[in-house]
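See structure below.
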Amino acid sequence: MRMRVGVIGGGQLARMMIPAAIDLGIDLRVLAENEGMAAELAAKSVGDYRNVDEVLRFCSEVDVVTFDHEHVPQEVLRALVDTGVAVHPGPDALLYAQDKLLMRAKLTELGLPTPEWAAVEDAAGLGAFLDEHGGAAVVKTARGGYDGKGVRVVRAAHEADDWFAALAEDANGGALLAEELVDFRRELAQSVARRPSGQVVAWPVVESIQRDGVCAEVIAPAPNPAGRLSDVAAEVATTIAEGLGVTGVLAVELFETTDERILVNELAMRPHNSGHWSIEGSTTSQFEQHLRAVLDLPLGPTGIVAPWAVMVNVLGGPASGTMADRYAGVFEDYPMAKVHNYGKEPRPGRKIGHVTVIGDDLDTVTYDARAAAAQFSD
């Protein structure tokens with residue numbers, strides 16, 4: 001049976017699906033936003049993912065459609081479903097990854113732990129929330145934010161005036177999401193995968209280290225788990241996958257608070273930065289698993305193949321030249337390091353690759369991963 005999977009979006013996540021697709025003999029086709037994107041090796045088309053006709057043309061030649069990002073508009077997603085295209089995850093699930101207010105409301109309905117939150121439509125509403133939560137809050141735009149964008153900590157209602165003004169100018173109106181400023185010990189991420197027929201598997205929960213709102217490092221499994229942490233994280237993510245009808249990989253970003261709570265922070269319904277360690281570190285990588293899931297094939301085991309795996313992002317990259325120019329030195333000094341180059345031009349703060357090291361000793365693995373990644377940046 002010939003399996004044709006279409007991926008909308010030409011970024012590094014689509015790029016990292018390519019080796020898994022080759023291994024499985026899957027015909028992977030990518031609709032890229034522009035020429036020369038990270039997934040150009042599989043880019044069969046270049047087009048606008050917001051244009052229904054362009055997306056329908058692309059999808060007419062594949063059996064299943066999935067995504068490199070969550071930004072495809074609902075009207076496009078529903079047009080695909082209406083024409084009989086198998087879309088995984090589907091629009092009813094992606095809705096909650098596209099709108100943080102809808103996500104918070106749904107998670108609350110499912111009885112899942114989240115930071116205290118409210119939809120605020122103006123400065124008065126934000127001021128009232130601040131008064132009720134110790135004078136500080138995290139404010140997020142409901143749609144479009146990622147990697148620290150669309151998120152700010154405020155201690156006065158006027159600090160979000162520009163966002164309220166933008167909402168007022170939008171004919172659709174809307175609200176911002178205000179959340180309690182959580183006192184957390186660390187950030188965690190729990191990834192699961194779910195098939196359309198219902199099977200769910202979970203990887204070990206990991207610790208995610210953020211810098212300036214961007215994931216910098218991931219440690220798998222999360223060190224020093226307290227109590228039933230691993231079980232609780234997996235239960236939460238499984239409940240979300242089943243409750244929202246997610247198909248494919250789901251990553252749930254979590255806070256472990258200083259008062260022993262586990263709270264849901266964000267969702268991603270696709271392979272996620274926090275799961276890149278699984279390429280070398282797990283029996284089944286998140287990219288292979290995602291392809292299996294969207295094709296409704298039995299899912300693979302998710303155990304870790306060594307006691308520790310540490311993934312470090314390459315942010316920004318070299319001031320001159322390319323990542324490849326640094327290979328000789330990195331491979332000489334850190335032969336255990338596995339380097340992933342996304343084929344992107346270096347730019348301050350940009351994720352252009354990552355390094356993973358697996359091994360028996362956490363300190364050694366962490367040092368080698370950090371040191372190897374550091375050689376790609378100036």
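Quick note on naming: the chains in the structure tokens go A, B, ... in the order shown, residues restart at 1 in each chain, and ligands are numbered from 1 in order of appearance.
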So that I can see what lies close to stretch 9-20 of chain A, please list as a list in words the residues with an atom at most 6 Å from it, counting only C-alpha atoms and leaving out residues fewer than 6 positions away in the same chain. Leu31, Ala32, Met37, Ala38, Ala39, Asp68, Phe287, Glu288 and Tyr342 of chain A
Requested write-out: C-alpha atoms of the selected residues, as a tab-separated table (two decimals), in the first residue's frame:
```
chain	number	residue	atom	x	y	z
A	31	LEU	CA	3.35	22.52	1.28
A	32	ALA	CA	5.96	25.14	2.13
A	37	MET	CA	12.54	26.55	3.77
A	38	ALA	CA	13.89	23.94	6.19
A	39	ALA	CA	11.79	21.11	4.70
A	68	ASP	CA	4.18	21.66	10.92
A	287	PHE	CA	8.44	12.07	14.29
A	288	GLU	CA	8.04	8.39	13.44
A	342	TYR	CA	17.71	22.84	10.24
```
Can you list, as a list in words, every protein, DNA or RNA residue that comes within 6 Å of A:Val120 when you count only C-alpha atoms, leaving out same-chain residues fewer than 6 positions away? Leu126, Ala175 and Leu176 of chain A
For each of A:Leu80, A:Ala251, A:Val55, A:Ala241, take the minimum atom-to-atom distance to A:Ser208, counting only C-alpha atoms, then give the residue where this is smallest. A:Ala251
Residue with the minimum atom-to-atom distance to A:Asp360, picked from A:Ala309, A:Asp183, A:Leu263, A:Pro346 with only C-alpha atoms counted, is A:Ala309
As a PyMOL selection string, which residues of stretch 108-307 of chain A does DSSP assign to strand (DSSP E)? chain A and resi 117-120+137-141+151-154+176-180+184-194+200-202+206-211+214-220+248-257+262-268
Extract, using only C-alpha atoms, all DNA, RNA and protein residues at most 12 Å from A:Gly174, discarding same-chain residues fewer than 3 positions from it, and format them as number ranges by chain. A: 99-102, 119-122, 141-143, 163-171, 177
Record the distance separating atom CA of A:Met311 and atom CA of A:Trp203, expressed in Å with one decimal.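 Atom CA of A:Trp203 lies 15.1 Å from atom CA of A:Met311.
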As a list in words, please: the residues near A:Thr247 (cut-off 6 Å, only C-alpha atoms, same-chain neighbours under 4 positions excluded).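 Here the qualifying residues turn out to be His88, Pro89, Arg194, Arg195 and Pro196 of chain A.
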Saved selection, atoms kept: N, CA, C and O atoms, as a compact mmCIF listing (two decimals), in the first residue's frame:
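Result file follows (selection17.txt):
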```
# COMPACT_ATOMS: atom_id res chain seq x y z
N HIS A 88 -5.40 15.26 10.31
CA HIS A 88 -4.99 14.84 11.65
C HIS A 88 -3.87 15.73 12.17
O HIS A 88 -2.81 15.76 11.55
N PRO A 89 -4.09 16.43 13.29
CA PRO A 89 -5.34 16.52 14.03
C PRO A 89 -6.38 17.34 13.26
O PRO A 89 -6.03 18.17 12.43
N ARG A 194 -1.63 9.80 19.88
CA ARG A 194 -2.93 9.12 19.83
C ARG A 194 -3.31 8.84 18.38
O ARG A 194 -3.18 9.70 17.51
N ARG A 195 -3.78 7.62 18.15
CA ARG A 195 -4.29 7.22 16.83
C ARG A 195 -5.76 7.59 16.71
O ARG A 195 -6.47 7.68 17.72
N PRO A 196 -6.25 7.75 15.48
CA PRO A 196 -7.69 8.00 15.30
C PRO A 196 -8.56 6.90 15.92
O PRO A 196 -9.66 7.17 16.38
```
Could you list, with a cut-off of 9 Å and counting only C-alpha atoms, the residues of stretch 192-237 of chain A near stretch 273-278 of chain A, each shown with its nearest atom pair and the distance in Å rounded to one decimal, rows sorted by chain and ascending number, as a tab-separated table?
```
residue	atom	partner	partner_atom	distance
A:Trp203	CA	A:Ser278	CA	8.6
A:Val206	CA	A:Ser274	CA	7.5
A:Glu207	CA	A:Ser274	CA	8.4
A:Ser208	CA	A:Ser274	CA	6.7
A:Cys215	CA	A:Asn273	CA	7.4
A:Glu217	CA	A:Ser274	CA	8.2
A:Val218	CA	A:Ser274	CA	6.1
A:Ile219	CA	A:Trp277	CA	8.2
A:Ala220	CA	A:Trp277	CA	7.4
```
Residues as selected, N, CA and C atoms, written as a PDB file, in the first residue's frame, can you do that?
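To be explicit, this is the file written out as selection.pdb:
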```pdb
ATOM      1  N   TRP A 203       5.491   9.243  26.283  1.00  0.00           N
ATOM      2  CA  TRP A 203       6.924   9.221  26.555  1.00  0.00           C
ATOM      3  C   TRP A 203       7.164   9.616  28.013  1.00  0.00           C
ATOM      4  N   VAL A 206       9.547  15.181  30.719  1.00  0.00           N
ATOM      5  CA  VAL A 206      10.873  15.788  30.631  1.00  0.00           C
ATOM      6  C   VAL A 206      10.870  17.151  31.308  1.00  0.00           C
ATOM      7  N   GLU A 207      12.067  17.622  31.658  1.00  0.00           N
ATOM      8  CA  GLU A 207      12.232  18.987  32.164  1.00  0.00           C
ATOM      9  C   GLU A 207      12.649  19.885  31.014  1.00  0.00           C
ATOM     10  N   SER A 208      11.976  21.018  30.889  1.00  0.00           N
ATOM     11  CA  SER A 208      12.247  21.984  29.832  1.00  0.00           C
ATOM     12  C   SER A 208      12.794  23.256  30.456  1.00  0.00           C
ATOM     13  N   CYS A 215      12.554  27.724  24.477  1.00  0.00           N
ATOM     14  CA  CYS A 215      13.138  26.489  24.993  1.00  0.00           C
ATOM     15  C   CYS A 215      14.625  26.454  24.651  1.00  0.00           C
ATOM     16  N   GLU A 217      16.910  24.046  26.633  1.00  0.00           N
ATOM     17  CA  GLU A 217      17.391  22.704  26.913  1.00  0.00           C
ATOM     18  C   GLU A 217      16.229  21.815  27.344  1.00  0.00           C
ATOM     19  N   VAL A 218      16.388  20.530  27.110  1.00  0.00           N
ATOM     20  CA  VAL A 218      15.430  19.531  27.588  1.00  0.00           C
ATOM     21  C   VAL A 218      16.207  18.372  28.187  1.00  0.00           C
ATOM     22  N   ILE A 219      15.795  17.936  29.378  1.00  0.00           N
ATOM     23  CA  ILE A 219      16.411  16.800  30.052  1.00  0.00           C
ATOM     24  C   ILE A 219      15.381  15.688  30.141  1.00  0.00           C
ATOM     25  N   ALA A 220      15.741  14.514  29.616  1.00  0.00           N
ATOM     26  CA  ALA A 220      14.828  13.367  29.633  1.00  0.00           C
ATOM     27  C   ALA A 220      15.510  12.183  30.330  1.00  0.00           C
TER      28      ALA A 220
END
```
Residue nearest A:Thr238 among A:Asn313, A:Leu112, A:Val87, A:Phe129 (counting only C-alpha atoms): A:Leu112
Identify, on the basis of only C-alpha atoms, every residue whose closest approach to A:Ser45 does not exceed 10 Å; exclude the query and any residue fewer than 5 positions from it along the same chain; express the result as a ChimeraX atom specification. /A:8,10,29-35,40,54-55,57-58
Take the selection from the previous step and output its residues with C-alpha atoms, as an mmCIF file, in the first residue's frame.
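Final file, again00.cif:
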```cif
data_model
loop_
_atom_site.group_PDB
_atom_site.id
_atom_site.type_symbol
_atom_site.label_atom_id
_atom_site.label_comp_id
_atom_site.auth_asym_id
_atom_site.auth_seq_id
_atom_site.Cartn_x
_atom_site.Cartn_y
_atom_site.Cartn_z
ATOM 1 C CA ILE A 8 1.278 21.846 5.680
ATOM 2 C CA GLY A 10 7.816 23.827 5.630
ATOM 3 C CA ARG A 29 4.897 15.849 0.586
ATOM 4 C CA VAL A 30 5.247 19.329 2.053
ATOM 5 C CA LEU A 31 3.352 22.517 1.283
ATOM 6 C CA ALA A 32 5.957 25.139 2.133
ATOM 7 C CA GLU A 33 5.246 28.818 2.650
ATOM 8 C CA ASN A 34 8.295 29.904 0.651
ATOM 9 C CA GLU A 35 11.155 28.534 -1.418
ATOM 10 C CA GLU A 40 12.668 21.920 1.068
ATOM 11 C CA GLU A 54 -4.181 26.274 -2.953
ATOM 12 C CA VAL A 55 -4.452 23.950 0.034
ATOM 13 C CA ARG A 57 -4.973 21.410 -4.718
ATOM 14 C CA PHE A 58 -2.078 20.255 -2.568
#
```
From the options A:Val85, A:Ala306, A:Leu267, A:Ala319, which residue's atoms come nearest to A:Gln98, counting only C-alpha atoms? A:Leu267
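Of the listed residues A:Val357, A:Met336, A:Val305, A:Ile240, the one whose atoms come nearest to A:Gly111 is A:Ile240, with distances taken using only C-alpha atoms.
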Based on the backbone DSSP call, show me all residues of stretch 103-195 of chain A assigned helix (DSSP H, G or I), as a VMD selection string. chain A and resid 103 to 109 123 to 132 157 to 169
Go through A:Glu70, A:Asp231, A:Asp23, A:Asp161 and flag the residue nearest A:Ile262, using only C-alpha atoms for the distances. A:Asp231
Could you name the residues that touch A:Ala93 at 6 Å or less, counting only C-alpha atoms, but leaving out those on the same chain fewer than 4 positions away, as a PyMOL selection string? chain A and resi 244-246
Could you write those residues out with C-alpha atoms, as a short mmCIF file (atom, residue, chain, number, x, y, z; two decimals), in the first residue's frame?
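So selection08.cif came out as:
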```cif
data_model
loop_
_atom_site.label_atom_id
_atom_site.label_comp_id
_atom_site.auth_asym_id
_atom_site.auth_seq_id
_atom_site.Cartn_x
_atom_site.Cartn_y
_atom_site.Cartn_z
CA LEU A 244 -10.08 17.04 22.67
CA GLY A 245 -9.90 14.23 20.13
CA VAL A 246 -6.26 14.93 19.24
#
```
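Atom CA of A:Trp308 is positioned 5.6 Å from atom CA of A:Ile358.
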